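Participant: Just so it is clear, I am handing over target.txt, which has compact mmCIF, C-alpha atoms and all ligand atoms.
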```txt
# COMPACT_ATOMS: atom_id res chain seq x y z
CA MET Q 1 10.12 -17.05 -13.35
CA SER Q 2 13.87 -17.20 -13.17
CA LEU Q 3 15.88 -15.54 -15.88
CA SER Q 4 18.52 -16.62 -18.29
CA PRO Q 5 20.87 -13.72 -19.15
CA GLY Q 6 19.33 -13.37 -22.60
CA ARG Q 7 15.83 -12.85 -21.22
CA LEU Q 8 16.85 -10.46 -18.50
CA ARG Q 9 16.66 -7.21 -20.46
CA LEU Q 10 13.17 -8.03 -21.69
CA ALA Q 11 11.95 -8.92 -18.22
CA ALA Q 12 13.48 -5.79 -16.72
CA ALA Q 13 11.59 -3.73 -19.28
CA ALA Q 14 8.34 -5.53 -18.40
CA GLY Q 15 9.13 -4.88 -14.75
CA LEU Q 16 9.47 -1.19 -15.50
CA ALA Q 17 6.02 -1.04 -17.06
CA LEU Q 18 4.48 -2.77 -14.04
CA ALA Q 19 6.36 -0.65 -11.58
CA LEU Q 20 5.19 2.55 -13.20
CA LEU Q 21 1.61 1.53 -12.50
CA GLY Q 22 2.11 1.25 -8.81
CA GLY Q 23 5.06 3.49 -8.09
CA ALA Q 24 7.99 1.51 -9.04
CA LEU Q 25 11.02 -0.41 -9.79
CA LEU Q 26 13.56 0.74 -12.32
CA ALA Q 27 15.82 -1.52 -14.34
CA SER Q 28 18.18 -3.70 -12.37
CA ARG Q 29 21.37 -4.95 -14.02
CA ARG Q 30 22.90 -8.32 -13.46
CA GLN Q 31 26.42 -8.61 -12.17
CA ALA Q 32 28.64 -11.45 -13.20
CA SER Q 33 29.00 -12.62 -9.59
CA SER Q 34 25.31 -12.66 -8.72
CA GLU Q 35 22.03 -14.07 -9.93
CA LEU Q 36 18.84 -12.09 -10.29
CA VAL Q 37 15.37 -13.60 -10.20
CA ASN Q 38 12.26 -11.60 -10.93
CA ASP Q 39 8.59 -12.62 -10.80
CA SER Q 40 5.19 -10.95 -10.53
CA ARG Q 41 1.68 -12.07 -9.68
CA PHE Q 42 -1.72 -10.50 -9.26
CA LEU Q 43 -2.70 -10.74 -5.59
CA MET Q 44 -4.72 -8.49 -3.24
CA GLY Q 45 -6.13 -6.62 -6.24
CA THR Q 46 -2.71 -5.45 -7.40
CA TYR Q 47 0.51 -6.54 -9.09
CA ILE Q 48 3.10 -7.86 -6.69
CA GLN Q 49 6.63 -7.87 -8.00
CA LEU Q 50 9.62 -9.61 -6.40
CA THR Q 51 13.22 -9.02 -7.45
CA LEU Q 52 15.83 -11.08 -5.60
CA ARG Q 53 19.61 -10.98 -6.01
CA GLY Q 54 22.19 -13.38 -4.60
CA PRO Q 55 24.95 -15.84 -5.40
CA ASP Q 56 22.86 -19.03 -5.50
CA LYS Q 57 20.05 -19.26 -8.04
CA ALA Q 58 18.49 -22.38 -6.51
CA ALA Q 59 18.29 -20.65 -3.13
CA LEU Q 60 16.68 -17.58 -4.72
CA ASP Q 61 14.12 -19.74 -6.53
CA ALA Q 62 13.25 -21.55 -3.29
CA ALA Q 63 12.92 -18.24 -1.43
CA MET Q 64 10.68 -16.92 -4.20
CA THR Q 65 8.36 -19.93 -3.91
CA ALA Q 66 8.18 -19.55 -0.12
CA ALA Q 67 7.44 -15.82 -0.49
CA TRP Q 68 4.45 -16.47 -2.80
CA GLN Q 69 3.11 -19.07 -0.36
CA GLU Q 70 3.35 -16.61 2.52
CA MET Q 71 1.64 -13.87 0.51
CA THR Q 72 -1.19 -16.15 -0.51
CA ARG Q 73 -1.75 -17.12 3.14
CA LEU Q 74 -1.76 -13.47 4.26
CA GLU Q 75 -4.00 -12.39 1.38
CA THR Q 76 -6.69 -14.72 2.72
CA ALA Q 77 -6.10 -13.68 6.34
CA PHE Q 78 -6.47 -9.94 5.61
CA ASP Q 79 -9.31 -10.15 3.04
CA PRO Q 80 -12.36 -8.35 4.47
CA TRP Q 81 -14.78 -9.19 1.65
CA LYS Q 82 -14.54 -12.86 0.73
CA GLY Q 83 -13.06 -16.24 1.58
CA GLU Q 84 -12.40 -18.22 4.74
CA GLY Q 85 -10.10 -15.76 6.52
CA PRO Q 86 -10.84 -14.34 10.00
CA LEU Q 87 -11.44 -10.77 8.81
CA HIS Q 88 -14.17 -11.83 6.41
CA ARG Q 89 -15.59 -14.08 9.11
CA LEU Q 90 -15.74 -11.05 11.44
CA ASN Q 91 -17.46 -8.85 8.84
CA ASP Q 92 -19.90 -11.65 8.03
CA SER Q 93 -20.77 -12.53 11.63
CA PRO Q 94 -23.98 -11.39 13.35
CA ALA Q 95 -23.42 -8.44 15.71
CA GLY Q 96 -22.36 -9.57 19.18
CA THR Q 97 -20.55 -12.71 17.99
CA PRO Q 98 -16.97 -13.04 19.30
CA VAL Q 99 -14.60 -13.93 16.44
CA PRO Q 100 -11.05 -15.09 17.26
CA LEU Q 101 -8.78 -13.37 14.72
CA GLY Q 102 -5.45 -15.10 15.26
CA GLY Q 103 -2.09 -13.40 15.78
CA ASP Q 104 -1.43 -11.83 12.37
CA VAL Q 105 -4.83 -10.22 11.99
CA ALA Q 106 -5.33 -9.24 15.64
CA ASP Q 107 -1.89 -7.59 15.75
CA LEU Q 108 -2.49 -5.65 12.55
CA LEU Q 109 -5.98 -4.55 13.62
CA ARG Q 110 -4.56 -3.36 16.96
CA LEU Q 111 -1.80 -1.45 15.17
CA ALA Q 112 -4.35 0.08 12.81
CA LEU Q 113 -6.62 1.18 15.69
CA ASP Q 114 -3.62 2.72 17.50
CA PHE Q 115 -2.61 4.51 14.32
CA ARG Q 116 -6.13 5.84 13.96
CA THR Q 117 -5.66 7.61 17.29
CA ARG Q 118 -2.18 8.88 16.37
CA SER Q 119 -3.48 10.25 13.06
CA SER Q 120 -6.42 12.06 14.72
CA GLY Q 121 -8.84 9.73 12.95
CA ALA Q 122 -7.49 10.38 9.42
CA PHE Q 123 -6.53 6.72 9.09
CA SER Q 124 -9.36 4.37 10.04
CA PRO Q 125 -9.61 0.55 9.84
CA THR Q 126 -13.41 0.67 10.31
CA LEU Q 127 -14.33 2.43 7.04
CA GLY Q 128 -15.50 -0.79 5.39
CA ALA Q 129 -19.19 0.17 5.17
CA MET Q 130 -18.32 3.45 3.41
CA ILE Q 131 -15.86 1.77 1.03
CA ARG Q 132 -18.47 -0.84 0.13
CA LEU Q 133 -21.18 1.80 -0.34
CA TRP Q 134 -19.01 3.55 -2.94
CA GLY Q 135 -18.32 0.21 -4.67
CA PHE Q 136 -14.58 0.26 -3.97
CA ALA Q 137 -14.71 -3.06 -2.12
CA GLU Q 138 -13.01 -5.40 -4.60
CA MET Q 139 -13.65 -2.64 -7.19
CA ALA Q 140 -17.13 -4.14 -7.60
CA ASP Q 141 -18.75 -1.12 -9.22
CA PRO Q 142 -17.35 2.23 -8.06
CA HIS Q 143 -20.04 4.92 -8.28
CA LEU Q 144 -21.22 8.10 -6.57
CA PRO Q 145 -23.80 7.11 -3.93
CA PRO Q 146 -26.71 9.42 -3.02
CA ALA Q 147 -25.67 12.02 -0.41
CA GLN Q 148 -28.31 10.63 1.97
CA ALA Q 149 -26.80 7.12 1.79
CA ILE Q 150 -23.37 8.56 2.65
CA ALA Q 151 -24.86 10.44 5.63
CA ASP Q 152 -26.70 7.28 6.76
CA THR Q 153 -23.48 5.23 6.58
CA LEU Q 154 -21.20 7.73 8.34
CA PRO Q 155 -22.19 6.76 11.94
CA HIS Q 156 -21.29 3.14 11.13
CA VAL Q 157 -17.62 3.85 10.48
CA ASP Q 158 -17.11 4.87 14.11
CA PRO Q 159 -14.64 2.43 15.75
CA THR Q 160 -16.67 2.35 18.98
CA GLY Q 161 -18.84 -0.18 17.10
CA LEU Q 162 -15.99 -2.72 17.39
CA THR Q 163 -14.18 -4.22 20.37
CA LEU Q 164 -10.88 -6.08 20.24
CA SER Q 165 -9.84 -7.91 23.38
CA GLU Q 166 -6.33 -8.67 24.64
CA ASN Q 167 -6.58 -12.28 23.48
CA GLY Q 168 -7.24 -11.25 19.86
CA THR Q 169 -11.00 -11.84 19.79
CA ALA Q 170 -13.08 -9.17 18.04
CA VAL Q 171 -16.80 -8.38 18.31
CA ARG Q 172 -18.79 -6.05 16.10
CA THR Q 173 -21.28 -4.35 18.40
CA ASP Q 174 -22.60 -2.21 15.51
CA PRO Q 175 -24.20 -4.62 13.01
CA ARG Q 176 -23.44 -2.25 10.10
CA LEU Q 177 -19.75 -1.68 10.93
CA LEU Q 178 -17.23 -3.38 8.60
CA VAL Q 179 -13.48 -3.66 9.15
CA ASP Q 180 -11.18 -2.95 6.18
CA LEU Q 181 -7.39 -3.03 6.60
CA GLY Q 182 -6.77 -2.09 2.94
CA GLY Q 183 -4.84 1.03 3.95
CA ILE Q 184 -2.15 -0.94 5.82
CA ALA Q 185 -2.34 -4.64 4.84
CA LYS Q 186 -0.19 -4.51 1.71
CA GLY Q 187 2.61 -2.76 3.59
CA GLU Q 188 2.39 -5.28 6.42
CA ILE Q 189 2.54 -8.19 3.96
CA VAL Q 190 5.63 -6.65 2.34
CA ASP Q 191 7.32 -6.45 5.78
CA LYS Q 192 6.48 -10.09 6.48
CA VAL Q 193 7.81 -11.27 3.12
CA ALA Q 194 10.99 -9.22 3.67
CA GLN Q 195 11.48 -10.95 7.04
CA LEU Q 196 10.99 -14.34 5.36
CA LEU Q 197 13.57 -13.52 2.67
CA THR Q 198 16.07 -12.31 5.28
CA ARG Q 199 15.58 -15.51 7.31
CA ARG Q 200 16.38 -17.46 4.15
CA GLY Q 201 19.63 -15.56 3.69
CA VAL Q 202 18.53 -13.31 0.82
CA ASN Q 203 20.05 -9.89 1.53
CA ASP Q 204 19.42 -7.95 -1.68
CA PHE Q 205 15.84 -7.60 -2.91
CA ILE Q 206 12.86 -5.41 -3.70
CA VAL Q 207 9.34 -6.45 -2.70
CA ASN Q 208 6.78 -4.25 -4.47
CA ALA Q 209 3.07 -4.66 -3.69
CA GLY Q 210 1.35 -2.09 -5.89
CA GLY Q 211 3.43 0.88 -4.81
CA ASN Q 212 4.27 -0.45 -1.34
CA LEU Q 213 7.95 -1.32 -1.59
CA LEU Q 214 10.64 -2.57 0.69
CA VAL Q 215 14.21 -2.34 -0.54
CA ARG Q 216 17.11 -4.29 1.00
CA GLY Q 217 20.76 -4.20 0.06
CA ASP Q 218 21.59 -3.11 -3.47
CA ARG Q 219 21.46 -4.26 -7.07
CA GLY Q 220 25.13 -5.14 -7.27
CA ASP Q 221 26.33 -2.16 -9.26
CA GLY Q 222 24.70 0.55 -7.14
CA PRO Q 223 21.60 1.24 -5.06
CA TRP Q 224 18.16 0.07 -6.15
CA LYS Q 225 16.35 2.92 -7.90
CA ILE Q 226 12.69 3.63 -7.26
CA GLY Q 227 10.41 5.72 -9.47
CA VAL Q 228 7.60 7.87 -8.05
CA ALA Q 229 4.73 7.80 -10.53
CA ASP Q 230 3.51 10.97 -12.21
CA PRO Q 231 -0.17 11.32 -11.12
CA ASP Q 232 -1.07 12.74 -14.56
CA ASP Q 233 0.66 10.12 -16.67
CA ARG Q 234 1.09 6.53 -15.65
CA ASP Q 235 3.88 6.06 -18.19
CA ALA Q 236 5.99 8.86 -16.71
CA LEU Q 237 7.81 9.53 -13.47
CA ALA Q 238 7.58 12.56 -11.20
CA ALA Q 239 10.78 11.68 -9.33
CA LYS Q 240 13.42 9.00 -8.83
CA LEU Q 241 14.74 7.87 -5.45
CA ALA Q 242 17.80 5.78 -4.54
CA VAL Q 243 17.29 3.93 -1.23
CA THR Q 244 18.72 1.03 0.74
CA ASP Q 245 17.12 -0.87 3.63
CA LEU Q 246 13.98 1.28 3.62
CA ALA Q 247 10.33 1.16 2.63
CA VAL Q 248 8.96 3.49 -0.04
CA VAL Q 249 5.15 3.74 -0.20
CA THR Q 250 2.94 5.90 -2.39
CA SER Q 251 -0.77 6.64 -2.04
CA GLY Q 252 -2.28 8.44 -5.03
CA ASP Q 253 -5.63 9.55 -6.41
CA TYR Q 254 -4.79 7.82 -9.72
CA GLU Q 255 -4.62 4.26 -8.32
CA ARG Q 256 -8.35 3.48 -8.14
CA PHE Q 257 -10.90 6.06 -9.25
CA PHE Q 258 -13.85 6.89 -11.45
CA GLU Q 259 -14.96 10.22 -12.91
CA LYS Q 260 -18.43 11.70 -12.95
CA ASP Q 261 -19.35 15.13 -14.34
CA GLY Q 262 -15.67 16.01 -14.60
CA VAL Q 263 -14.92 15.19 -10.94
CA ARG Q 264 -12.48 12.46 -9.92
CA TYR Q 265 -13.64 10.17 -7.09
CA HIS Q 266 -10.87 7.95 -5.75
CA HIS Q 267 -10.36 5.26 -3.12
CA ILE Q 268 -8.84 7.21 -0.19
CA PHE Q 269 -11.63 8.46 2.05
CA ASP Q 270 -11.82 11.19 4.63
CA PRO Q 271 -13.43 9.35 7.57
CA ALA Q 272 -14.91 12.64 8.80
CA THR Q 273 -16.97 13.25 5.64
CA GLY Q 274 -17.42 9.89 3.89
CA TYR Q 275 -16.08 11.43 0.64
CA PRO Q 276 -12.66 11.02 -1.05
CA ALA Q 277 -9.99 13.23 0.54
CA ARG Q 278 -9.21 16.28 -1.58
CA GLY Q 279 -5.92 17.78 -0.38
CA MET Q 280 -3.37 16.41 -2.87
CA ARG Q 281 -2.55 14.10 -5.80
CA SER Q 282 -0.05 11.74 -4.17
CA VAL Q 283 2.06 11.20 -1.10
CA THR Q 284 5.23 9.13 -0.90
CA ILE Q 285 6.68 8.01 2.43
CA VAL Q 286 10.23 6.75 3.10
CA ALA Q 287 10.65 5.00 6.47
CA PRO Q 288 12.01 1.72 7.87
CA SER Q 289 8.67 -0.14 8.17
CA CYS Q 290 6.48 -0.74 5.10
CA GLY Q 291 3.35 -1.32 7.24
CA LEU Q 292 3.76 1.99 9.04
CA SER Q 293 4.62 3.75 5.78
CA ASP Q 294 1.46 2.34 4.18
CA ALA Q 295 -0.76 3.63 7.00
CA LEU Q 296 1.11 6.91 7.04
CA SER Q 297 0.77 7.50 3.29
CA THR Q 298 -2.99 7.09 3.58
CA ALA Q 299 -3.21 9.30 6.69
CA VAL Q 300 -1.05 12.09 5.21
CA PHE Q 301 -3.20 12.04 2.08
CA VAL Q 302 -6.29 12.62 4.24
CA LEU Q 303 -4.74 15.18 6.62
CA GLY Q 304 -3.47 17.50 3.89
CA GLU Q 305 -0.05 19.06 3.54
CA ASP Q 306 0.56 20.91 6.81
CA ARG Q 307 -0.94 18.42 9.26
CA GLY Q 308 0.30 15.50 7.14
CA LEU Q 309 3.90 16.70 7.14
CA ALA Q 310 3.72 17.22 10.92
CA LEU Q 311 2.42 13.66 11.48
CA ALA Q 312 5.15 12.21 9.26
CA ARG Q 313 7.86 14.16 11.08
CA ASN Q 314 6.52 12.93 14.45
CA SER Q 315 6.60 9.37 13.08
CA GLY Q 316 10.24 9.66 11.98
CA ALA Q 317 9.35 9.35 8.27
CA GLU Q 318 10.32 11.38 5.21
CA VAL Q 319 7.57 12.56 2.86
CA MET Q 320 7.18 13.78 -0.71
CA ILE Q 321 3.81 15.30 -1.59
CA ILE Q 322 2.54 16.14 -5.07
CA GLY Q 323 -0.09 18.81 -4.45
CA ASN Q 324 -3.21 19.68 -6.40
CA ASP Q 325 -1.11 22.34 -8.17
CA GLY Q 326 1.26 19.59 -9.38
CA LYS Q 327 4.18 20.94 -7.35
CA ILE Q 328 6.39 18.72 -5.18
CA ARG Q 329 6.83 19.49 -1.49
CA GLN Q 330 8.95 17.38 0.83
CA THR Q 331 10.53 17.10 4.26
CA PRO Q 332 14.17 18.28 4.31
CA GLY Q 333 15.44 14.72 4.95
CA MET Q 334 13.82 13.45 1.72
CA ALA Q 335 16.38 15.31 -0.38
CA LYS Q 336 19.13 12.75 0.29
CA TYR Q 337 17.09 10.02 -1.45
CA VAL Q 338 15.98 12.07 -4.47
CA THR Q 339 18.17 11.65 -7.55
CA TRP Q 340 15.86 13.38 -10.04
CA THR Q 341 12.58 15.28 -10.17
CA SER Q 342 10.57 16.07 -13.27
CA PRO Q 343 11.21 19.68 -14.41
CA LYS Q 344 7.47 20.26 -14.79
CA ARG Q 345 6.97 19.43 -11.09
CA GLY Q 346 9.32 22.22 -10.07
CA GLY Q 347 10.99 20.10 -7.44
P1 LIG Y 401 -3.66 3.24 0.15
O1 LIG Y 401 -3.68 2.98 -1.31
O2 LIG Y 401 -2.62 2.57 0.93
O3 LIG Y 401 -3.71 4.71 0.47
O4 LIG Y 401 -4.96 2.61 0.78
C1 LIG Y 401 -6.22 2.85 0.26
C2 LIG Y 401 -7.12 1.74 0.70
O5 LIG Y 401 -7.28 1.82 2.12
C3 LIG Y 401 -8.49 1.84 0.11
O6 LIG Y 401 -8.62 1.01 -1.03
C4 LIG Y 401 -9.39 1.38 1.26
O7 LIG Y 401 -9.46 -0.03 1.29
C5 LIG Y 401 -8.63 1.84 2.48
N1 LIG Y 401 -8.89 3.22 2.92
C6 LIG Y 401 -9.45 4.25 2.24
N2 LIG Y 401 -9.46 5.37 2.98
C7 LIG Y 401 -8.87 5.05 4.16
C8 LIG Y 401 -8.58 5.77 5.36
N3 LIG Y 401 -8.88 7.07 5.51
N4 LIG Y 401 -8.00 5.09 6.38
C9 LIG Y 401 -7.66 3.79 6.26
N5 LIG Y 401 -7.91 3.06 5.17
C10 LIG Y 401 -8.52 3.67 4.13
MG MG Y 402 -1.68 3.12 2.62
```
Please render this file's structure as structure tokens.
Ligand code: AMP
Ligand code: MG
Facilitator:
Amino acid sequence: MSLSPGRLRLAAAAGLALALLGGALLASRRQASSELVNDSRFLMGTYIQLTLRGPDKAALDAAMTAAWQEMTRLETAFDPWKGEGPLHRLNDSPAGTPVPLGGDVADLLRLALDFRTRSSGAFSPTLGAMIRLWGFAEMADPHLPPAQAIADTLPHVDPTGLTLSENGTAVRTDPRLLVDLGGIAKGEIVDKVAQLLTRRGVNDFIVNAGGNLLVRGDRGDGPWKIGVADPDDRDALAAKLAVTDLAVVTSGDYERFFEKDGVRYHHIFDPATGYPARGMRSVTIVAPSCGLSDALSTAVFVLGEDRGLALARNSGAEVMIIGNDGKIRQTPGMAKYVTWTSPKRGG
């Protein structure tokens, strides 16, 4: 969808509503000298929103079309649960079968396995069996499984049940192990789309995949502004950030969850226990790479505040955590991006 000036305000408002769901894009204003195109689609189980700014509307429209094509290709490649992509083929293959993954998927799986080590196991790309057991795979039917089923599944999330060779061929040696790159794939796709846009000469844009954002350049009359969602109220913000040439990624317990007997069960699992991680409400990362920020946001959520902040610092990232008490805590370097925090969050 490209925008005539008259439709822009309406579309920006719609963009705000979408962004609040996933962690956010605030209104962008059009400058006389530049065009703005804005479009969103439902891919990878979430709303993807693209906002491109530049002098040539035809070039922006063409870049937008190419970006959707690339995302559709990568959605298939990284889908663990259905379709013709290599990851689903791997999960669907009998144990012992070598499955060539191809560059994109092999590289991301390797990165994810390395990051598992760096995060002391908090981030894990081999949690698929546990995620499916809880019904969070494709949001089929999220539910609380019997404790015994969780205990029975736990040994099958161990990454020793998978081998990945130098040439990008993977083998599941444990027949019950399933690979799921859901904690890093959206960020990686955002990075790849950003590279595509840059190659096409678009220098000012936001790519937002359900709270995994990459921001380049500015909106013409100032920096792009990003809202951090309030975990208690999807229509409100906990904080606003102004960033340029950086990724902003949020993982939160409000994104995918169900409640049973007054307890919230969400989609970010502690690989050590097989249950949702309990340390906080949300974590927002600011760092150059969206893929790394995506993995980091998930890992920090699992590690809890002290160990999570230490991992982020070692990774060169800034972090904002909203704790179970609702209070905001952040690394010192985060302060330069924060333009506002909600008074009730005490930030
Ligand atoms: P995110 O919203 O980026 O924190 O990612 C959550 C998604 O990553 C879930 O929907 C699962 O597919 C997957 N996931 C859940 N827990 C973990 C974990 N501890 N490590 C890696 N991926 C996970
Ligand atoms: Mg993540």
Participant: Between Q:Ala277, Q:Val248, Q:Met71, Q:Val37, which one has atoms that come closest to Met334 of chain Q, using only C-alpha atoms?
Facilitator: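 Closest to Met334 of chain Q of all the choices is Q:Val248.
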Participant: Work out how far apart atom CA of Pro276 of chain Q and atom O7 of ligand LIG 401 (chain Y) are and give it in Å to one decimal.
Facilitator: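 One can read the atom CA of Pro276 of chain Q to atom O7 of ligand LIG 401 (chain Y) distance as 11.7 Å.
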Participant: For each of Q:Ile184, Q:Leu214, Q:Ile328, Q:Ala272, take the minimum atom-to-atom distance to ligand MG 402 (chain Y), counting all atoms listed in the file, then give the residue where this is smallest.
Facilitator: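 Smallest separation from ligand MG 402 (chain Y) among the options: Q:Ile184.
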Participant: Scan for residues within 8 Å of the point (-18.1, -8.8, 18.5) in the coordinates of the file, using only C-alpha atoms, and reply as a tab-separated table (two decimals) with C-alpha atoms, keeping the file's coordinate frame.
Facilitator:
```tsv
chain	number	residue	atom	x	y	z
Q	90	LEU	CA	-15.74	-11.05	11.44
Q	95	ALA	CA	-23.42	-8.44	15.71
Q	96	GLY	CA	-22.36	-9.57	19.18
Q	97	THR	CA	-20.55	-12.71	17.99
Q	98	PRO	CA	-16.97	-13.04	19.30
Q	99	VAL	CA	-14.60	-13.93	16.44
Q	162	LEU	CA	-15.99	-2.72	17.39
Q	163	THR	CA	-14.18	-4.22	20.37
Q	164	LEU	CA	-10.88	-6.08	20.24
Q	169	THR	CA	-11.00	-11.84	19.79
Q	170	ALA	CA	-13.08	-9.17	18.04
Q	171	VAL	CA	-16.80	-8.38	18.31
Q	172	ARG	CA	-18.79	-6.05	16.10
Q	173	THR	CA	-21.28	-4.35	18.40
```
Participant: May I have the protein, DNA and RNA residues with an atom at most 9 Å from (3.4, -7.6, -1.5), counting all atoms listed in the file in the file's coordinates, returned as a ChimeraX atom specification?
Facilitator: /Q:43-44,46-50,71,186-193,207-210,212-213
Participant: Give me, please, the distance in Å between atom CA of Ser34 of chain Q and atom CA of Gly211 of chain Q, quoted to one decimal.
Facilitator: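 Interatomic distance here is 26.0 Å.
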Participant: Using only C-alpha atoms and all ligand atoms, which of Q:Val243, Q:Ala112, Q:Ala310, Q:Ala238 sits nearest ligand MG 402 (chain Y)?
Facilitator: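 Checking each of Q:Val243, Q:Ala112, Q:Ala310, Q:Ala238 against ligand MG 402 (chain Y), counting only C-alpha atoms and all ligand atoms, the winner is Q:Ala112.
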Participant: Can segment 288-299 of chain Q be brought up to N, CA, C and O atoms and written out as a PDB file, keeping the file's coordinate frame?
Facilitator:
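Below you can see part_28.pdb, which holds the result:
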```pdb
ATOM      1  N   PRO Q 288      11.530   3.105   7.758  1.00  0.00           N
ATOM      2  CA  PRO Q 288      12.010   1.720   7.870  1.00  0.00           C
ATOM      3  C   PRO Q 288      10.917   0.667   7.693  1.00  0.00           C
ATOM      4  O   PRO Q 288      11.160  -0.376   7.094  1.00  0.00           O
ATOM      5  N   SER Q 289       9.716   0.893   8.218  1.00  0.00           N
ATOM      6  CA  SER Q 289       8.670  -0.140   8.170  1.00  0.00           C
ATOM      7  C   SER Q 289       7.691   0.127   7.029  1.00  0.00           C
ATOM      8  O   SER Q 289       7.160   1.233   6.891  1.00  0.00           O
ATOM      9  N   CYS Q 290       7.415  -0.912   6.217  1.00  0.00           N
ATOM     10  CA  CYS Q 290       6.480  -0.740   5.100  1.00  0.00           C
ATOM     11  C   CYS Q 290       5.040  -0.639   5.607  1.00  0.00           C
ATOM     12  O   CYS Q 290       4.229   0.107   5.070  1.00  0.00           O
ATOM     13  N   GLY Q 291       4.705  -1.391   6.672  1.00  0.00           N
ATOM     14  CA  GLY Q 291       3.350  -1.320   7.240  1.00  0.00           C
ATOM     15  C   GLY Q 291       3.040   0.074   7.753  1.00  0.00           C
ATOM     16  O   GLY Q 291       1.998   0.662   7.430  1.00  0.00           O
ATOM     17  N   LEU Q 292       3.970   0.628   8.518  1.00  0.00           N
ATOM     18  CA  LEU Q 292       3.760   1.990   9.040  1.00  0.00           C
ATOM     19  C   LEU Q 292       3.717   2.991   7.896  1.00  0.00           C
ATOM     20  O   LEU Q 292       2.877   3.894   7.883  1.00  0.00           O
ATOM     21  N   SER Q 293       4.595   2.822   6.917  1.00  0.00           N
ATOM     22  CA  SER Q 293       4.620   3.750   5.780  1.00  0.00           C
ATOM     23  C   SER Q 293       3.301   3.705   5.009  1.00  0.00           C
ATOM     24  O   SER Q 293       2.809   4.732   4.534  1.00  0.00           O
ATOM     25  N   ASP Q 294       2.735   2.500   4.886  1.00  0.00           N
ATOM     26  CA  ASP Q 294       1.460   2.340   4.180  1.00  0.00           C
ATOM     27  C   ASP Q 294       0.363   3.122   4.899  1.00  0.00           C
ATOM     28  O   ASP Q 294      -0.363   3.932   4.307  1.00  0.00           O
ATOM     29  N   ALA Q 295       0.257   2.913   6.213  1.00  0.00           N
ATOM     30  CA  ALA Q 295      -0.760   3.630   7.000  1.00  0.00           C
ATOM     31  C   ALA Q 295      -0.517   5.133   6.943  1.00  0.00           C
ATOM     32  O   ALA Q 295      -1.450   5.931   6.787  1.00  0.00           O
ATOM     33  N   LEU Q 296       0.749   5.495   7.022  1.00  0.00           N
ATOM     34  CA  LEU Q 296       1.110   6.910   7.040  1.00  0.00           C
ATOM     35  C   LEU Q 296       0.783   7.579   5.705  1.00  0.00           C
ATOM     36  O   LEU Q 296       0.307   8.717   5.665  1.00  0.00           O
ATOM     37  N   SER Q 297       1.037   6.889   4.600  1.00  0.00           N
ATOM     38  CA  SER Q 297       0.770   7.500   3.290  1.00  0.00           C
ATOM     39  C   SER Q 297      -0.726   7.799   3.156  1.00  0.00           C
ATOM     40  O   SER Q 297      -1.122   8.854   2.651  1.00  0.00           O
ATOM     41  N   THR Q 298      -1.549   6.880   3.643  1.00  0.00           N
ATOM     42  CA  THR Q 298      -2.990   7.090   3.580  1.00  0.00           C
ATOM     43  C   THR Q 298      -3.395   8.246   4.499  1.00  0.00           C
ATOM     44  O   THR Q 298      -4.171   9.124   4.109  1.00  0.00           O
ATOM     45  N   ALA Q 299      -2.846   8.256   5.714  1.00  0.00           N
ATOM     46  CA  ALA Q 299      -3.210   9.300   6.690  1.00  0.00           C
ATOM     47  C   ALA Q 299      -2.774  10.682   6.217  1.00  0.00           C
ATOM     48  O   ALA Q 299      -3.535  11.651   6.324  1.00  0.00           O
TER      49      ALA Q 299
END
```
